[in-house]
Structures are given as C-alpha cells and as structure tokens.
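S.K.: File follows, final.cif with mmCIF, C-alpha atoms:
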```cif
data_work
loop_
_atom_site.label_atom_id
_atom_site.label_comp_id
_atom_site.auth_asym_id
_atom_site.auth_seq_id
_atom_site.Cartn_x
_atom_site.Cartn_y
_atom_site.Cartn_z
CA MET G 1116 -17.21 15.36 61.72
CA GLU G 1117 -15.49 17.23 64.53
CA ILE G 1118 -17.07 20.34 66.06
CA ILE G 1119 -14.88 22.63 68.14
CA GLU G 1120 -16.82 25.13 70.23
CA GLU G 1121 -15.34 28.25 71.74
CA LYS G 1122 -16.49 31.58 73.09
CA GLN G 1123 -14.79 34.91 72.30
CA SER G 1124 -16.14 38.11 73.89
CA GLY G 1125 -19.70 36.80 74.02
CA ILE G 1126 -19.65 35.25 70.55
CA ASN G 1127 -20.16 31.49 70.18
CA ILE G 1128 -17.84 30.04 67.55
CA PHE G 1129 -18.33 26.61 65.98
CA ARG G 1130 -15.41 25.28 63.94
CA LEU G 1131 -16.43 22.41 61.69
CA ASN G 1132 -13.97 19.80 60.50
CA GLY G 1133 -14.88 16.99 58.11
CA ARG G 1134 -18.22 16.26 56.46
CA LEU G 1135 -21.64 17.71 57.30
CA ASP G 1136 -24.22 15.25 55.93
CA SER G 1137 -27.33 13.40 57.12
CA ASN G 1138 -25.10 11.32 59.41
CA THR G 1139 -23.51 14.22 61.22
CA SER G 1140 -26.06 17.05 60.94
CA GLN G 1141 -28.04 15.97 63.99
CA GLY G 1142 -25.10 16.36 66.37
CA PHE G 1143 -24.40 19.81 64.97
CA GLU G 1144 -28.05 20.81 65.31
CA GLN G 1145 -28.03 19.82 68.98
CA LYS G 1146 -24.96 21.96 69.68
CA LEU G 1147 -26.37 25.02 67.89
CA PHE G 1148 -29.73 24.76 69.63
CA GLN G 1149 -28.10 24.19 73.01
CA ALA G 1150 -26.22 27.49 72.55
CA ILE G 1151 -29.42 29.28 71.47
CA SER G 1152 -31.34 28.00 74.47
CA ASP G 1153 -28.41 29.06 76.70
CA GLY G 1154 -29.08 32.59 75.46
CA SER G 1155 -26.46 33.04 72.75
CA LYS G 1156 -27.29 35.96 70.43
CA CYS G 1157 -24.13 36.01 68.33
CA MET G 1158 -22.80 32.94 66.56
CA VAL G 1159 -20.15 32.23 63.97
CA VAL G 1160 -19.80 28.98 62.05
CA ASP G 1161 -16.28 28.52 60.69
CA PHE G 1162 -16.32 26.39 57.52
CA LYS G 1163 -12.56 26.54 56.87
CA ASP G 1164 -11.95 22.82 57.52
CA LEU G 1165 -15.31 21.57 56.27
CA ASP G 1166 -14.81 19.45 53.14
CA TYR G 1167 -18.39 18.57 52.34
CA ILE G 1168 -21.98 19.65 52.94
CA SER G 1169 -25.31 18.18 51.78
CA SER G 1170 -28.89 19.45 52.03
CA ALA G 1171 -29.08 17.95 55.54
CA GLY G 1172 -26.35 20.40 56.59
CA LEU G 1173 -28.07 23.33 54.86
CA ARG G 1174 -31.29 22.43 56.65
CA VAL G 1175 -29.61 22.68 60.08
CA ILE G 1176 -28.02 26.06 59.23
CA LEU G 1177 -31.39 27.40 58.04
CA LYS G 1178 -33.25 26.11 61.08
CA ALA G 1179 -30.71 27.66 63.46
CA THR G 1180 -30.75 30.97 61.54
CA LYS G 1181 -34.52 31.18 61.90
CA ALA G 1182 -34.40 30.25 65.58
CA ILE G 1183 -31.73 32.81 66.51
CA LYS G 1184 -33.51 35.55 64.52
CA ARG G 1185 -36.61 34.95 66.62
CA GLU G 1186 -34.45 35.75 69.67
CA ASP G 1187 -33.13 38.91 67.96
CA GLY G 1188 -29.71 37.36 67.54
CA SER G 1189 -27.69 36.58 64.43
CA ILE G 1190 -25.43 33.96 62.92
CA MET G 1191 -22.49 34.48 60.54
CA LEU G 1192 -20.98 31.86 58.21
CA CYS G 1193 -17.34 32.25 57.24
CA ALA G 1194 -14.32 30.85 55.37
CA MET G 1195 -16.13 28.41 53.06
CA GLN G 1196 -14.22 26.36 50.52
CA ASP G 1197 -15.36 26.93 46.93
CA TYR G 1198 -17.20 23.58 46.59
CA VAL G 1199 -19.07 24.12 49.84
CA LYS G 1200 -20.03 27.66 48.88
CA GLU G 1201 -21.32 26.37 45.56
CA VAL G 1202 -23.83 24.16 47.39
CA PHE G 1203 -25.22 27.24 49.19
CA GLU G 1204 -25.45 28.96 45.81
CA ILE G 1205 -27.23 26.08 44.07
CA ALA G 1206 -29.75 26.02 46.92
CA GLY G 1207 -30.17 29.80 46.66
CA PHE G 1208 -29.21 30.14 50.33
CA ASP G 1209 -26.38 32.58 49.58
CA THR G 1210 -29.00 35.28 48.86
CA PHE G 1211 -30.30 35.43 52.42
CA LEU G 1212 -27.64 33.89 54.68
CA PRO G 1213 -24.74 36.07 55.84
CA ILE G 1214 -21.69 34.43 54.26
CA VAL G 1215 -18.37 36.26 54.68
CA ALA G 1216 -14.83 35.48 53.53
CA THR G 1217 -12.91 35.36 56.81
CA MET G 1218 -13.32 34.84 60.55
CA ASP G 1219 -12.19 38.46 61.08
CA ASP G 1220 -15.01 39.71 58.84
CA ALA G 1221 -17.49 37.58 60.82
CA LEU G 1222 -16.30 38.82 64.22
CA LYS G 1223 -16.27 42.45 63.11
CA SER G 1224 -19.90 42.25 61.99
CA PHE G 1225 -21.30 42.07 65.52
CA MET I 879 -10.50 7.24 28.55
CA ALA I 880 -11.75 3.75 27.72
CA LYS I 881 -15.31 2.84 28.60
CA LYS I 882 -15.11 1.08 31.93
CA MET I 883 -17.52 0.31 34.70
CA TYR I 884 -17.17 0.69 38.42
CA SER I 885 -19.92 -0.55 40.68
CA PHE I 886 -20.55 -1.06 44.36
CA GLU I 887 -23.41 -1.82 46.74
CA LEU I 888 -24.59 0.06 49.81
CA LYS I 889 -26.75 -1.24 52.65
CA SER I 890 -29.92 0.62 53.60
CA SER I 891 -28.42 2.61 56.47
CA LEU I 892 -27.34 6.26 56.59
CA SER I 893 -23.97 5.24 58.01
CA GLU I 894 -23.20 3.87 54.52
CA LEU I 895 -22.67 7.48 53.37
CA ASP I 896 -19.03 7.02 54.46
CA GLN I 897 -18.83 3.95 52.21
CA LEU I 898 -20.26 5.99 49.33
CA CYS I 899 -17.59 8.66 49.85
CA GLN I 900 -14.74 6.14 50.04
CA ASN I 901 -15.91 4.32 46.91
CA LEU I 902 -16.13 7.58 44.97
CA GLU I 903 -12.65 8.63 46.07
CA THR I 904 -11.23 5.31 44.92
CA PHE I 905 -13.14 5.64 41.65
CA GLY I 906 -11.93 9.22 41.15
CA LYS I 907 -8.29 8.24 41.64
CA LYS I 908 -8.58 5.22 39.36
CA PHE I 909 -9.96 7.30 36.50
CA GLY I 910 -8.09 10.53 37.25
CA LEU I 911 -11.21 12.62 37.83
CA SER I 912 -11.09 16.08 39.40
CA LYS I 913 -11.91 16.68 43.06
CA LYS I 914 -14.69 19.04 42.01
CA LEU I 915 -16.34 16.35 39.88
CA ILE I 916 -16.05 13.78 42.67
CA PHE I 917 -17.54 16.28 45.13
CA GLU I 918 -20.49 16.91 42.81
CA ILE I 919 -21.29 13.26 42.09
CA ASN I 920 -20.88 12.48 45.79
CA LEU I 921 -23.43 15.17 46.62
CA ALA I 922 -25.92 14.05 43.96
CA LEU I 923 -25.69 10.40 45.02
CA ASP I 924 -25.80 11.36 48.73
CA GLU I 925 -29.07 13.26 48.20
CA LEU I 926 -30.63 10.34 46.31
CA PHE I 927 -29.34 7.75 48.78
CA THR I 928 -30.54 9.75 51.82
CA ASN I 929 -33.91 10.14 50.14
CA ILE I 930 -34.21 6.39 49.47
CA ILE I 931 -33.25 5.54 53.08
CA SER I 932 -35.60 8.17 54.55
CA TYR I 933 -38.70 7.46 52.45
CA GLY I 934 -38.15 4.40 50.27
CA PHE I 935 -38.59 1.44 52.59
CA LYS I 936 -41.70 0.56 54.54
CA ASP I 937 -40.22 -2.46 56.33
CA ASP I 938 -37.29 -2.92 58.74
CA LYS I 939 -35.43 -5.37 56.51
CA GLU I 940 -32.00 -4.61 55.16
CA HIS I 941 -32.02 -3.59 51.50
CA VAL I 942 -29.25 -3.10 48.98
CA ILE I 943 -28.75 0.00 46.85
CA LYS I 944 -26.58 -0.56 43.81
CA VAL I 945 -24.47 2.19 42.26
CA THR I 946 -22.80 1.85 38.86
CA LEU I 947 -20.48 4.49 37.40
CA THR I 948 -19.44 4.46 33.75
CA PRO I 949 -16.98 7.11 32.63
CA SER I 950 -16.42 7.86 28.95
CA ASN I 951 -14.56 10.61 27.09
CA ASN I 952 -16.89 13.50 27.75
CA GLU I 953 -19.44 12.29 30.24
CA LEU I 954 -19.98 10.20 33.31
CA CYS I 955 -23.04 7.95 33.57
CA LEU I 956 -24.35 7.08 37.00
CA CYS I 957 -26.96 4.47 37.72
CA ILE I 958 -28.60 3.97 41.10
CA GLU I 959 -30.97 1.06 41.74
CA ASP I 960 -33.13 0.28 44.77
CA ASP I 961 -36.09 -1.96 45.56
CA GLY I 962 -38.01 0.62 47.58
CA GLN I 963 -41.35 2.35 46.96
CA PRO I 964 -41.74 3.76 43.44
CA PHE I 965 -40.22 7.24 43.42
CA ASN I 966 -39.64 9.37 40.35
CA PRO I 967 -37.56 12.44 41.25
CA ILE I 968 -38.28 14.02 37.86
CA ASP I 969 -41.93 14.57 38.87
CA PHE I 970 -40.81 16.07 42.13
CA GLU I 971 -41.71 19.72 42.46
CA THR I 972 -38.78 22.12 42.66
CA PRO I 973 -38.95 24.13 45.87
CA ASP I 974 -38.98 27.91 45.72
CA VAL I 975 -35.47 28.75 46.84
CA SER I 976 -35.65 32.43 45.98
CA CYS I 977 -37.16 33.49 49.27
CA SER I 978 -36.19 34.98 52.61
CA VAL I 979 -35.13 33.04 55.68
CA GLU I 980 -38.57 33.39 57.23
CA GLU I 981 -40.39 32.08 54.16
CA CYS I 982 -38.02 29.40 52.96
CA LYS I 983 -39.32 25.87 53.22
CA ILE I 984 -36.92 22.99 53.04
CA GLY I 985 -38.82 20.11 51.45
CA GLY I 986 -37.34 18.74 48.26
CA LEU I 987 -34.09 20.66 48.57
CA GLY I 988 -31.89 17.57 48.15
CA ILE I 989 -33.63 16.55 44.92
CA HIS I 990 -33.37 20.13 43.66
CA ILE I 991 -29.59 20.12 44.30
CA MET I 992 -29.19 16.72 42.62
CA LYS I 993 -31.02 17.94 39.48
CA LYS I 994 -28.91 21.10 39.33
CA LEU I 995 -25.68 19.09 39.52
CA MET I 996 -26.62 16.59 36.81
CA ASP I 997 -27.04 17.23 33.09
CA GLU I 998 -29.57 14.44 32.51
CA VAL I 999 -31.89 12.52 34.82
CA CYS I 1000 -33.85 9.53 33.56
CA TYR I 1001 -36.16 7.39 35.71
CA GLU I 1002 -37.54 3.91 35.05
CA ARG I 1003 -39.53 1.52 37.22
CA CYS I 1004 -38.32 -1.98 36.32
CA GLY I 1005 -40.37 -4.65 38.12
CA ASP I 1006 -39.94 -3.92 41.82
CA LYS I 1007 -36.94 -1.62 41.28
CA ASN I 1008 -36.38 2.08 40.86
CA VAL I 1009 -33.66 2.61 38.25
CA LEU I 1010 -32.31 6.12 37.97
CA ASN I 1011 -29.81 6.97 35.23
CA LEU I 1012 -27.91 10.22 35.55
CA LYS I 1013 -25.45 11.88 33.21
CA LYS I 1014 -22.82 14.43 34.06
CA LYS I 1015 -20.73 16.12 31.36
CA ILE I 1016 -17.02 16.19 31.99
CA GLY I 1017 -15.30 19.42 30.98
CA LYS I 1018 -11.80 19.29 29.49
CA ASP I 1019 -10.34 20.87 32.61
CA GLU I 1020 -12.02 18.28 34.76
CA SER I 1021 -10.96 15.01 33.15
#
```
Any chance you could put this one into structure tokens?

M.R.:
Amino acid sequence: MEIIEEKQSGINIFRLNGRLDSNTSQGFEQKLFQAISDGSKCMVVDFKDLDYISSAGLRVILKATKAIKREDGSIMLCAMQDYVKEVFEIAGFDTFLPIVATMDDALKSF
Amino acid sequence: MAKKMYSFELKSSLSELDQLCQNLETFGKKFGLSKKLIFEINLALDELFTNIISYGFKDDKEHVIKVTLTPSNNELCLCIEDDGQPFNPIDFETPDVSCSVEECKIGGLGIHIMKKLMDEVCYERCGDKNVLNLKKKIGKDES
C-alpha cells in the first residue's frame, strides 16, 4: 500500500492507495501516530484509491481516532468505495466515525 | 456453473495475504464471479488466516494453511484447514460494536466480520487439524 502525506492549511491529509490489511496497517499506524505526536489536531484520510480494508485497518483508524480525540483534535474519513464502506458498516464503525462523501466535505468540516 | 474445485496452499506468514488475494482474483476470473463477491470472500479468508497466524501456532516452524473453494449454482463453499491450536470461531463471543469511540473494544472484530459475511460457518476438529467449512450464497446478480 502507498501512503501519500500532505499538509493543507494546517490539516494533515493521508491518501491511501492499495490494500490496508494486517501486512500494511502497521506502517499506516506509525505515520498517523507520528503526525499526532507532532501536534496535528486535524486529519483527513482519503480512501478514494483504497481497494481493500480488513479489521487490522479498522483497528488502526479506531486507535488513531481515540488518540487524537484525547488531544482535542479530530479525524475525518472521506471518499470510500462502496465495498470499503460496507466493512465499516458491518463492524458498526460507521455509527461513530465521521465518514463523509468527498475530500471537500472533509476539509470544510474543520 | 458446473461443480468444480479450486484449491491452493498458503505458508504461515502474514506476507502470504498477497498470495491469497492473487489466488482469489484468478479464481474469480475463472468462474466469472463478481468483484463484490471476491472482495467479501477475500475479507472473510483474510480474517481467518490472520487469526490463525497470530494465535494458532506455538512453535516457529513453517506451517501450511490449505484453502479449497467449490462454486456451485447458487452458493460458494469455502474450506480452510490448518494444523494449529484448536480454535472454533463459532464459540467466539461477538464483540459489542454498537458503542462509542471511547468505549469500543477491538477484540474479536475480525471473526465478527467473517461471520457477518458468510451464510454458514461449520467447524470440525479432525485429528490435529482445524477444518472450517463456510458457505456463501451467490445472488443472481453476482454470478
């Protein structure tokens, strides 16, 4: 999986490309937690080019959401493909994680 | 669709998840299965495989996990065999997923997802092997 990181007016954006599973989730976790420990309060994860997610990926998203909330920050998830969104729904994560349709919606929320 | 079998073996290493994905894509093309169905069986098998690798083996030896897929007209049978510690996912407690971020615990999430994706889950311990048989119905729009 490829992770492209960028910063736009104080917001950390992570664009995921490929498959987020137990092989790749650790690298993603490190990047998210590095940004949190660097003081990031606003994060967006762009799922547009993510083809696959397993519970290992959900676990990282949940862990990072909890960690950034403790710092009074927030994380937005955007542009999920239908199959990927379904995994969040099966897990029940869609009820408490902020999932929005587009990157614009995510950026506007801060 | 005639009754045909497709099977492959995975080594006991998480890097074999790529092999799992490639095998399922080949299988899906061969039998003309939808991308959605392939995604769902990939996810169910990924969760089981990851679970076996993470908790199943108490030694450092290499083990083999065997996957057999049998498509028929209206369902797909999946069988996954390993020689790890006895583990019956049916007995596994379903985590409470209807909770807030602060309360939500993660344990057992993969097994919960696998059960939700499959229509039938049947476990047997045969000698020193775990044999898990799964069934997934194939809708008309998905075959």

S.K.: Expand the PyMOL selection byres ((chain G) within 6 of (chain I)) into the individual residues it matches in the shown file, reporting them as number ranges by chain.

M.R.: G: 1170, 1207, 1211

S.K.: Please return, as a list in words, all polymer residues that have at least one atom within 9 Å of the point (-14.1, 9.2, 44.7); use all atoms listed in the file and the file's own coordinate frame.

M.R.: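 Here is the list of nearby residues: Leu898, Cys899, Gln900, Asn901, Leu902, Glu903, Thr904, Phe905, Gly906, Lys907, Lys908, Leu911, Lys913, Leu915, Ile916, Phe917, Ile919 and Asn920 of chain I.
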
S.K.: Can you work out which one of G:Thr1180, G:Ala1150, G:Thr1139, G:Arg1174 has the shortest atom-to-atom distance to G:Gly1125, counting all atoms listed in the file?

M.R.: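 Selected residue with least distance to G:Gly1125: G:Ala1150.
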
S.K.: Could you make a table, as CSV, of the residues of stretch 1156-1218 of chain G that have an atom within 12 Å of an atom of stretch 1118-1124 of chain G, each with its nearest atom pair and distance in Å to one decimal, counting all atoms listed in the file, in chain and number order?

M.R.:
```
residue,atom,partner,partner_atom,distance
G:Lys1156,CA,G:Ser1124,CA,11.9
G:Cys1157,CA,G:Ser1124,CA,10.0
G:Met1158,CA,G:Lys1122,CA,9.2
G:Val1159,CA,G:Lys1122,CA,9.8
G:Val1160,CA,G:Glu1120,CA,9.5
G:Asp1161,CA,G:Ile1119,CA,9.6
G:Phe1162,CA,G:Ile1118,CA,10.5
G:Lys1163,CA,G:Ile1118,CA,12.0
G:Asp1164,CA,G:Ile1118,CA,10.3
G:Leu1165,CA,G:Ile1118,CA,10.0
G:Met1218,CA,G:Gln1123,CA,11.8
```

S.K.: What does the distance between atom CA of G:Val1215 and atom CA of G:Met1191 come to in Å, to one decimal place?

M.R.: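 According to the coordinates, atom CA of G:Val1215 and atom CA of G:Met1191 are separated by 7.4 Å.
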
S.K.: Could you please determine the separation between atom CA of I:Pro964 and atom CA of I:Lys1007 in Å, to one decimal place?

M.R.: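 Straight-line distance from atom CA of I:Pro964 to atom CA of I:Lys1007 works out to 7.5 Å.
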
S.K.: Could you state which residues are captured by the PyMOL selection byres ((chain G and resi 1152) around 12) in this file, as a PyMOL selection string?

M.R.: chain G and resi 1145-1151+1153-1156+1179+1182-1183+1185-1186+1188

S.K.: Would you list the contacts of I:Val942 as a list in words, taking every protein, DNA or RNA residue within 9 Å and counting only C-alpha atoms, but skipping same-chain residues closer than 5 positions in sequence?

M.R.: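 Residues near the query, excluding close chain neighbours: Glu887, Leu888, Lys889, Ser890, Glu959, Asp960 and Asp961 of chain I.
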
S.K.: Suppose you want the space between atom CA of I:Gly962 and atom CA of I:Cys1000; what is it in Å?

M.R.: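 About the pair atom CA of I:Gly962 and atom CA of I:Cys1000: they are 17.1 Å apart.
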
S.K.: Which residue is closest to G:Ile1190? Choose from G:Val1202, G:Leu1222, G:Ala1171, G:Ala1216 and count only C-alpha atoms.

M.R.: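 The answer is G:Leu1222, which sits nearest to G:Ile1190.
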
S.K.: Would you list the contacts of I:Pro967 as a list in words, taking every protein, DNA or RNA residue within 9 Å and counting all atoms listed in the file, but skipping same-chain residues closer than 5 positions in sequence?

M.R.: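 My reading of the contact set: Leu926, Ile989, Lys993, Val999, Tyr1001 and Leu1010 of chain I.
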
S.K.: Check which residues satisfy the PyMOL selection byres ((chain I and resi 998) around 6) in the file shown, then give them as a list in words.

M.R.: Met996, Asp997, Val999, Leu1012 and Lys1013 of chain I

S.K.: Between G:Tyr1167, G:Tyr1198, G:Phe1208, G:Phe1225, which has the minimum distance to G:Ser1137 (counting all atoms listed in the file)?

M.R.: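 Between G:Tyr1167, G:Tyr1198, G:Phe1208, G:Phe1225, the residue approaching G:Ser1137 most closely is G:Tyr1167.
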
S.K.: Fewer than 4 positions away in the same chain doesn't count, so skip those; otherwise give me all residues within 8 Å of I:Leu956, counting only C-alpha atoms, as number ranges by chain.

M.R.: I: 945-948, 1011-1013

S.K.: Using all atoms listed in the file for the distances, tell me which of G:Leu1192, G:Ala1206, G:Leu1177, G:Ile1214 is nearest to G:Ile1128.

M.R.: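 Of G:Leu1192, G:Ala1206, G:Leu1177, G:Ile1214, the one nearest G:Ile1128 is G:Leu1192, counting all atoms listed in the file.
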